[in-house]
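Trainee: Supplied structure: run.cif, mmCIF, C-alpha atoms.
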data_target
loop_
_atom_site.label_atom_id
_atom_site.label_comp_id
_atom_site.auth_asym_id
_atom_site.auth_seq_id
_atom_site.Cartn_x
_atom_site.Cartn_y
_atom_site.Cartn_z
CA MET H 1 107.32 -16.49 25.66
CA SER H 2 104.70 -18.02 27.92
CA ALA H 3 103.55 -21.61 27.48
CA MET H 4 100.56 -22.04 25.24
CA SER H 5 97.47 -24.09 26.07
CA SER H 6 97.11 -27.47 24.39
CA PRO H 7 95.82 -27.33 20.79
CA PHE H 8 92.09 -27.06 20.31
CA ASP H 9 90.22 -30.01 18.83
CA THR H 10 87.61 -28.29 16.67
CA ALA H 11 86.97 -30.90 13.95
CA VAL H 12 83.94 -32.00 15.99
CA PRO H 13 82.77 -29.16 18.27
CA GLY H 14 82.89 -30.31 21.86
CA ALA H 15 84.68 -33.60 21.09
CA ALA H 16 87.21 -32.91 23.85
CA PHE H 17 84.32 -32.26 26.26
CA ASP H 18 82.67 -35.54 25.25
CA ALA H 19 85.89 -37.42 26.01
CA PHE H 20 86.25 -35.61 29.32
CA ILE H 21 82.77 -35.55 30.79
CA GLY H 22 82.00 -39.23 31.48
CA PRO H 23 85.14 -40.01 33.49
CA ALA H 24 84.95 -36.60 35.16
CA ARG H 25 81.42 -37.23 36.39
CA ASP H 26 82.42 -40.60 37.80
CA THR H 27 85.43 -39.13 39.60
CA ALA H 28 83.49 -36.12 40.89
CA SER H 29 80.86 -38.41 42.41
CA GLY H 30 83.45 -39.56 44.92
CA ARG H 31 84.51 -36.12 46.12
CA ARG H 32 84.55 -35.50 49.82
CA PRO H 33 82.01 -32.86 50.86
CA TRP H 34 83.18 -29.80 52.78
CA SER H 35 82.96 -29.94 56.57
CA PRO H 36 83.70 -27.25 59.18
CA THR H 37 86.91 -29.06 60.09
CA ASP H 38 88.25 -28.14 56.64
CA GLY H 39 88.21 -24.46 57.53
CA PRO H 40 86.85 -21.90 55.08
CA MET H 41 86.54 -22.65 51.40
CA PRO H 42 88.93 -20.51 49.33
CA ALA H 43 88.01 -17.46 47.33
CA ILE H 44 89.10 -17.83 43.71
CA TYR H 45 89.57 -15.88 40.50
CA LEU H 46 89.26 -17.97 37.35
CA SER H 47 89.73 -17.29 33.66
CA HIS H 48 86.58 -18.84 32.32
CA GLY H 49 87.22 -19.76 28.72
CA ALA H 50 83.79 -19.52 27.02
CA PRO H 51 82.82 -22.32 24.57
CA PRO H 52 86.44 -22.86 23.32
CA LEU H 53 87.12 -24.38 26.74
CA TYR H 54 85.10 -27.41 25.59
CA ASP H 55 87.61 -27.97 22.78
CA ASP H 56 90.67 -27.92 25.05
CA GLY H 57 91.10 -31.19 26.91
CA GLY H 58 94.18 -30.01 28.78
CA TRP H 59 92.52 -26.90 30.12
CA MET H 60 89.45 -28.87 31.22
CA ARG H 61 91.68 -31.30 33.09
CA ASP H 62 93.41 -28.36 34.79
CA LEU H 63 90.11 -26.84 35.94
CA PHE H 64 88.71 -30.17 37.04
CA GLY H 65 91.89 -31.02 38.92
CA TRP H 66 91.74 -27.67 40.72
CA ALA H 67 88.18 -28.33 41.86
CA HIS H 68 89.14 -31.87 42.85
CA ARG H 69 91.86 -30.58 45.18
CA MET H 70 89.22 -28.71 47.15
CA PRO H 71 86.42 -30.24 49.21
CA GLN H 72 83.09 -30.28 47.43
CA PRO H 73 81.52 -26.90 48.33
CA ARG H 74 78.06 -26.68 49.80
CA ALA H 75 77.25 -23.88 47.33
CA ILE H 76 78.89 -21.40 44.95
CA VAL H 77 78.49 -17.62 44.69
CA ILE H 78 79.96 -16.22 41.50
CA VAL H 79 80.47 -12.75 40.03
CA SER H 80 81.08 -12.83 36.27
CA ALA H 81 82.50 -10.33 33.81
CA HIS H 82 79.40 -10.90 31.70
CA TRP H 83 76.81 -9.46 34.04
CA GLU H 84 77.28 -5.78 34.78
CA SER H 85 74.09 -4.47 36.34
CA ALA H 86 73.28 -1.96 39.03
CA PRO H 87 71.90 -2.11 41.63
CA LEU H 88 73.29 -5.42 42.83
CA THR H 89 71.09 -8.18 41.42
CA LEU H 90 70.86 -11.90 42.13
CA SER H 91 70.23 -14.56 39.50
CA ALA H 92 67.16 -16.80 39.57
CA PRO H 93 67.73 -19.37 42.35
CA GLU H 94 65.21 -22.03 41.31
CA GLU H 95 66.28 -25.58 40.52
CA GLY H 96 67.37 -25.99 36.92
CA THR H 97 67.97 -22.27 36.42
CA PRO H 98 68.14 -21.54 32.67
CA LEU H 99 71.42 -20.60 31.02
CA VAL H 100 72.28 -17.40 29.21
CA TYR H 101 73.99 -18.10 25.86
CA ASP H 102 75.67 -14.73 25.77
CA PHE H 103 78.17 -15.36 22.98
CA GLY H 104 78.13 -15.43 19.21
CA GLY H 105 79.80 -17.10 16.27
CA PHE H 106 80.27 -20.54 17.80
CA ALA H 107 79.02 -23.97 16.67
CA PRO H 108 75.28 -24.59 17.17
CA ARG H 109 76.00 -27.27 19.74
CA TYR H 110 77.11 -24.71 22.29
CA TYR H 111 73.67 -23.08 22.29
CA THR H 112 72.10 -26.34 23.45
CA MET H 113 74.41 -27.08 26.39
CA THR H 114 72.67 -27.53 29.74
CA TYR H 115 73.76 -27.24 33.36
CA ALA H 116 70.78 -27.82 35.64
CA THR H 117 71.95 -26.78 39.09
CA PRO H 118 70.05 -27.48 42.35
CA ASP H 119 67.79 -25.01 44.10
CA ALA H 120 69.71 -22.06 45.56
CA THR H 121 66.84 -20.22 47.26
CA THR H 122 68.29 -20.54 50.76
CA LEU H 123 71.62 -19.28 49.48
CA ALA H 124 69.95 -16.36 47.70
CA ASP H 125 68.24 -15.30 50.91
CA ARG H 126 71.52 -15.51 52.79
CA VAL H 127 73.41 -13.50 50.15
CA ALA H 128 70.68 -10.87 49.97
CA GLY H 129 70.95 -10.44 53.71
CA LEU H 130 74.72 -10.05 53.60
CA LEU H 131 74.78 -7.63 50.67
CA GLY H 132 71.71 -5.62 51.63
CA ASP H 133 73.28 -4.22 54.76
CA GLY H 134 71.64 -0.81 54.53
CA THR H 135 74.21 0.62 52.11
CA GLU H 136 73.29 -1.52 49.09
CA GLN H 137 69.99 -2.24 47.41
CA VAL H 138 69.71 -5.85 46.25
CA HIS H 139 67.33 -6.94 43.51
CA ARG H 140 66.12 -10.39 42.53
CA SER H 141 65.78 -11.44 38.89
CA ALA H 142 64.70 -14.27 36.61
CA ARG H 143 68.06 -14.20 34.84
CA GLY H 144 69.92 -17.47 34.47
CA LEU H 145 73.65 -18.19 34.66
CA ASP H 146 75.82 -16.63 31.96
CA HIS H 147 78.74 -18.33 30.28
CA GLY H 148 81.23 -16.82 32.71
CA ALA H 149 79.53 -19.04 35.30
CA TRP H 150 78.14 -22.15 33.65
CA VAL H 151 80.98 -22.90 31.23
CA PRO H 152 83.79 -23.25 33.81
CA LEU H 153 81.53 -24.66 36.53
CA SER H 154 80.25 -27.40 34.20
CA VAL H 155 83.86 -28.57 33.97
CA MET H 156 84.78 -28.11 37.64
CA TYR H 157 81.52 -29.58 38.98
CA PRO H 158 80.29 -31.72 36.06
CA ASN H 159 77.44 -33.39 37.95
CA ALA H 160 75.68 -30.03 38.46
CA ASP H 161 75.16 -31.02 42.08
CA VAL H 162 76.19 -27.75 43.77
CA PRO H 163 73.73 -24.83 44.15
CA VAL H 164 74.97 -21.79 42.22
CA LEU H 165 73.97 -18.16 42.65
CA GLN H 166 75.27 -15.38 40.43
CA VAL H 167 75.64 -11.81 41.69
CA SER H 168 75.82 -8.93 39.22
CA MET H 169 78.81 -6.63 39.05
CA PRO H 170 77.36 -3.17 39.76
CA ASP H 171 80.36 -1.26 38.40
CA GLU H 172 84.10 -1.66 37.80
CA ASP H 173 85.33 0.19 40.90
CA PRO H 174 87.93 -2.01 42.69
CA GLU H 175 87.08 -0.58 46.10
CA ARG H 176 83.39 -1.33 45.77
CA LEU H 177 84.03 -4.81 44.43
CA MET H 178 86.35 -5.55 47.33
CA ARG H 179 83.61 -4.43 49.74
CA ILE H 180 81.19 -6.83 48.06
CA GLY H 181 83.72 -9.63 48.41
CA ALA H 182 84.26 -8.74 52.07
CA ARG H 183 80.53 -9.05 52.76
CA LEU H 184 80.58 -12.51 51.19
CA ARG H 185 83.63 -13.61 53.16
CA GLU H 186 81.76 -15.26 56.02
CA LEU H 187 80.04 -17.59 53.54
CA ARG H 188 83.39 -19.30 53.06
CA HIS H 189 83.18 -20.50 56.67
CA GLU H 190 79.87 -22.13 55.74
CA GLY H 191 81.39 -24.14 52.89
CA VAL H 192 80.55 -21.71 50.09
CA LEU H 193 83.04 -21.14 47.27
CA VAL H 194 83.26 -17.45 46.31
CA VAL H 195 84.31 -16.92 42.68
CA GLY H 196 85.33 -13.95 40.57
CA SER H 197 85.16 -15.04 36.93
CA GLY H 198 86.94 -13.11 34.18
CA PHE H 199 90.01 -13.54 31.97
CA MET H 200 93.46 -12.36 32.95
CA THR H 201 94.01 -10.70 29.58
CA HIS H 202 91.15 -10.07 27.18
CA GLY H 203 92.40 -8.11 24.21
CA LEU H 204 89.96 -9.64 21.74
CA PRO H 205 90.11 -6.71 19.28
CA PHE H 206 93.85 -7.35 18.88
CA LEU H 207 93.80 -11.09 18.17
CA THR H 208 95.85 -12.14 15.15
CA ARG H 209 95.81 -15.28 13.01
CA ASP H 210 99.01 -16.44 14.68
CA MET H 211 97.44 -16.01 18.10
CA LEU H 212 94.30 -17.90 17.08
CA ARG H 213 96.48 -20.74 15.74
CA GLY H 214 98.32 -20.88 19.04
CA ASP H 215 101.61 -19.78 17.46
CA ALA H 216 102.11 -16.41 19.16
CA VAL H 217 101.83 -14.63 22.49
CA PRO H 218 101.90 -10.84 22.09
CA GLY H 219 104.17 -8.74 24.24
CA TRP H 220 101.23 -6.96 25.82
CA THR H 221 99.91 -10.27 27.21
CA ASP H 222 103.28 -11.34 28.56
CA ASP H 223 103.89 -7.90 30.06
CA PHE H 224 100.51 -7.63 31.79
CA ASP H 225 100.58 -11.24 33.00
CA ALA H 226 104.06 -10.77 34.50
CA TRP H 227 102.96 -7.53 36.16
CA VAL H 228 99.85 -9.06 37.74
CA ALA H 229 101.72 -12.20 38.82
CA ASP H 230 104.31 -10.08 40.60
CA ALA H 231 101.71 -7.91 42.32
CA LEU H 232 99.75 -10.97 43.45
CA ALA H 233 102.90 -12.67 44.72
CA HIS H 234 103.66 -9.62 46.87
CA GLY H 235 100.06 -9.05 48.00
CA ASP H 236 100.24 -5.57 46.51
CA VAL H 237 96.56 -4.67 46.30
CA GLU H 238 97.34 -1.00 45.71
CA GLU H 239 99.38 -1.91 42.64
CA LEU H 240 96.58 -4.15 41.35
CA ARG H 241 94.18 -1.20 41.63
CA ARG H 242 96.46 0.78 39.28
CA PHE H 243 95.87 -1.68 36.45
CA ARG H 244 95.01 1.02 33.91
CA ASP H 245 98.67 2.09 34.03
CA ALA H 246 100.08 -1.44 33.96
CA PRO H 247 102.46 -2.75 31.28
CA GLY H 248 100.54 -4.08 28.29
CA MET H 249 97.61 -1.71 28.72
CA PRO H 250 95.25 -0.86 27.13
CA TYR H 251 95.72 -3.85 24.81
CA ALA H 252 95.48 -6.42 27.61
CA HIS H 253 92.11 -4.99 28.70
CA PRO H 254 90.49 -2.54 26.28
CA THR H 255 87.62 -2.66 28.77
CA ALA H 256 88.02 -3.68 32.41
CA GLU H 257 85.17 -6.13 33.04
CA HIS H 258 87.29 -9.29 32.69
CA TYR H 259 89.98 -8.05 35.07
CA VAL H 260 88.04 -6.49 37.92
CA PRO H 261 86.24 -9.64 39.22
CA LEU H 262 89.56 -10.46 40.87
CA PHE H 263 88.76 -7.72 43.40
CA VAL H 264 85.71 -9.68 44.57
CA ALA H 265 87.99 -12.63 45.26
CA LEU H 266 90.54 -10.40 47.01
CA GLY H 267 87.82 -8.85 49.15
CA ALA H 268 86.54 -12.28 50.17
CA ALA H 269 90.02 -13.42 51.23
CA THR H 270 90.93 -13.64 54.89
CA ASP H 271 93.89 -11.37 54.13
CA PRO H 272 93.69 -9.64 50.72
CA GLU H 273 97.40 -8.79 50.96
CA ALA H 274 98.56 -12.38 51.45
CA PRO H 275 100.29 -13.99 48.44
CA VAL H 276 97.91 -15.96 46.24
CA ARG H 277 98.28 -19.53 44.99
CA THR H 278 98.35 -19.69 41.19
CA GLU H 279 96.34 -22.72 40.13
CA ILE H 280 96.37 -22.36 36.32
CA ASP H 281 98.66 -20.37 34.08
CA GLY H 282 99.62 -20.45 30.40
CA MET H 283 97.88 -18.99 27.39
CA MET H 284 94.87 -19.49 25.11
CA TRP H 285 94.80 -17.63 21.78
CA GLY H 286 97.73 -15.61 23.15
CA LEU H 287 95.65 -14.48 26.16
CA SER H 288 96.59 -15.22 29.75
CA ARG H 289 94.33 -17.70 31.51
CA ARG H 290 95.97 -17.18 34.92
CA SER H 291 93.67 -18.31 37.73
CA PHE H 292 94.35 -18.31 41.46
CA SER H 293 93.01 -19.05 44.93
CA LEU H 294 93.16 -17.18 48.22
CA ALA H 295 92.87 -18.51 51.75
#
Here is the file; what I need is its structure written in the form of C-alpha cells.

Mentor:
Amino acid sequence: MSAMSSPFDTAVPGAAFDAFIGPARDTASGRRPWSPTDGPMPAIYLSHGAPPLYDDGGWMRDLFGWAHRMPQPRAIVIVSAHWESAPLTLSAPEEGTPLVYDFGGFAPRYYTMTYATPDATTLADRVAGLLGDGTEQVHRSARGLDHGAWVPLSVMYPNADVPVLQVSMPDEDPERLMRIGARLRELRHEGVLVVGSGFMTHGLPFLTRDMLRGDAVPGWTDDFDAWVADALAHGDVEELRRFRDAPGMPYAHPTAEHYVPLFVALGAATDPEAPVRTEIDGMMWGLSRRSFSLA
C-alpha cells in the first residue's frame, strides 16, 4: 500500500494553515527571484488539494518546500481542472482578482479565504498573443481564480506577490492541451511558471469511510498511480494518452478533468518525453496526490 498523507487536523478548520502561514510568509520573503541565468522555469503538474489541504500540515510543507526549491517566478500561468470553457478564456488580470469558491460542504471559514494577487494585465496580453495564433480564439473574462489555482498557490506563494493568470481548459483532448502547453513554453524562458492543476486520482464517488479516515488506499488508486508513475519515468507520452484504458480505470477518474491538465505541463516541457521529477507523492483520502516537474 502507498504511504498516506499526515492526518488531518479538523477540530478547528484551518488550524494547520494558521500554524503554517506566519513562518511560511517570513521564509518566502527571502526567496531569490528568477533571473535569466537560472534558465527556464519548470513546467509542473500539481495535485491541488481543495480546502482539506489547509488541514494537512505535512502536505502544506511539501508544497511550500517544492516552491522554495525553485526561484521565485516572475508570474504564473495555470490551467485548472475546475475551469472547462471553450473557446480559450483568460481570467480577470486586475490586481486583487476575486476568488471562485467552487466547492461545497466545507467549513464556513473556507468561503472567506483571500489571495489578493498582483496585477497580471501585461501577462494576460502576452498569453493572449501566444494562444491567439490564428488557430485559436481567445476570450477575456471577469472570472477570478478557482480553488484549483488559489488553494495550492496560497501555500506555495503565501505572500500573494506573484501575478497569476488562469487559462480555461477548452476540452479534454490530450493533443490539444499539449499544443496549448507548447504555445506557453517560451514563457518559461521569461521566468513564468506554467502549471497544470488537477489530482492524480479523483474517484470521489467511490470514497469509503476507511479512505476518509486515512486507513485505506483502494487498489484502483495504487494501480493507476503505479501506471502513471511508470509512464512518466519512461517519458511515454503515447501511453499517458491511453489513460482511459489504464489499470484502475474508470474508478481512478470517472471523469477526466483532473487528469488531463498534465498534458499542458507536458506540452510546455522542453522535451515532453524526458523523464519527470516527482516532487510529491503519497495519498490523501486514498487518492494519489502525485505531483511532478519538467525541465

Trainee: Quick one: of H:Ala252, H:Leu63, H:Val237, H:Leu184, who's nearest to Pro272 (chain H), counting all atoms listed in the file?

Mentor: H:Val237

Trainee: Nearest to Thr114 (chain H): which of H:Leu294, H:Ala75, H:Ala269, H:Val100 is it, counting all atoms listed in the file?

Mentor: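 Comparing H:Leu294, H:Ala75, H:Ala269, H:Val100 against Thr114 (chain H), the winner is H:Val100.
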
Trainee: From the set H:Trp66, H:Phe17, H:Tyr110, H:Tyr157, which residue has the shortest atom-to-atom contact distance to Ser29 (chain H), counting all atoms listed in the file?

Mentor: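 Going through H:Trp66, H:Phe17, H:Tyr110, H:Tyr157 one by one, the smallest distance to Ser29 (chain H) is for H:Tyr157.
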
Trainee: Of the candidates H:Ser141, H:Leu90, H:Ala160, H:Tyr45, which one gets nearest to Ala268 (chain H) if we count all atoms listed in the file?

Mentor: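 The answer is H:Tyr45, which sits nearest to Ala268 (chain H).
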
Trainee: Kindly give the distance, in Å, that separates CA of Pro205 (chain H) and CA of Gly144 (chain H), rounded to a single decimal.

Mentor: 27.5 Å

Trainee: Which is closer to Glu273 (chain H) than all the others in H:Ala116, H:Ala11, H:Glu238, H:Leu153, using all atoms listed in the file?

Mentor: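 Result for the nearest residue to Glu273 (chain H): H:Glu238.
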
Trainee: Please identify all polymer residues within 6 Å of region 213-229 of chain H, counting all atoms listed in the file, omitting same-chain residues fewer than 2 positions from it, and present them as number ranges by chain.

Mentor: H: 210-211, 231-232, 247-248, 252, 285-286

Trainee: Quick check on the file I pasted: which residues fall under the PyMOL selection byres ((chain H and resi 38) around 10)? Write them as a PyMOL selection string.

Mentor: chain H and resi 33-37+39-41+70-71+189+191

Trainee: Go ahead and write the selection's residues with C-alpha atoms as a compact mmCIF listing (two decimals), in the coordinates of the input.

Mentor:
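Writing the result to result-v1.txt gives the following:
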# COMPACT_ATOMS: atom_id res chain seq x y z
CA PRO H 33 82.01 -32.86 50.86
CA TRP H 34 83.18 -29.80 52.78
CA SER H 35 82.96 -29.94 56.57
CA PRO H 36 83.70 -27.25 59.18
CA THR H 37 86.91 -29.06 60.09
CA GLY H 39 88.21 -24.46 57.53
CA PRO H 40 86.85 -21.90 55.08
CA MET H 41 86.54 -22.65 51.40
CA MET H 70 89.22 -28.71 47.15
CA PRO H 71 86.42 -30.24 49.21
CA HIS H 189 83.18 -20.50 56.67
CA GLY H 191 81.39 -24.14 52.89

Trainee: Starting from the displayed file, determine the output of the PyMOL selection byres ((chain H and resi 136) around 12) and express the residue list as a list in words.

Mentor: Ala86, Pro87, Leu88, Thr89, Ala128, Gly129, Leu130, Leu131, Gly132, Asp133, Gly134, Thr135, Gln137, Val138, His139, Pro170, Arg176, Arg179, Ile180 and Arg183 of chain H

Trainee: For a quick check of understanding, using only C-alpha atoms, which of H:Pro51, H:Gly22, H:Pro250, H:Gly96 has the smallest distance to Gly148 (chain H)?

Mentor: H:Pro51

Trainee: Could you work out how far CA of Gly58 (chain H) lies from CA of Ala16 (chain H), giving the answer in Å with one decimal?

Mentor: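 Between these atoms lies a distance of 9.0 Å.
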
Trainee: At what distance in Å, to one decimal, does CA of Trp59 (chain H) lie from CA of Ser288 (chain H)?

Mentor: 12.4 Å

Trainee: Quick one: residues within 8 Å of Pro174 (chain H), only C-alpha atoms counted, chain neighbours fewer than 2 positions away excluded, as JSON, numbers by chain?

Mentor: {"H": [172, 176, 177, 178, 241, 260, 263]}

Trainee: Using the chain letters and numbers from the file, which residues does the PyMOL selection byres ((chain H and resi 46) around 6) grab, as a PyMOL selection string?

Mentor: chain H and resi 45+47-48+197+291

Trainee: May I have the residues within 8 Å of Arg31 (chain H) as a VMD selection string, using only C-alpha atoms and disregarding those fewer than 3 positions away in the same chain?

Mentor: chain H and resid 27 to 28 68 71 to 72

Trainee: Counting only C-alpha atoms, which residues sit no farther than 12 Å from the position (94.0, -12.7, 55.6) in the file's frame? I'd like them as a list in words.

Mentor: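 All residues meeting the 12 Å criterion around (94.0, -12.7, 55.6) are Pro40, Pro42, Ala43, Ala182, Arg185, Gly235, Ala265, Leu266, Gly267, Ala268, Ala269, Thr270, Asp271, Pro272, Glu273, Ala274, Pro275, Val276, Leu294 and Ala295 of chain H.
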
Trainee: Any idea what's packed within 8 Å of Pro152 (chain H), counting only C-alpha atoms, ignoring anything in its chain fewer than 3 positions away? Could you give it as a list in words?

Mentor: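 Here the answer would be His48, Gly49, Ala50, Leu53, Leu63, His147, Gly148, Ala149, Val155 and Met156 of chain H.
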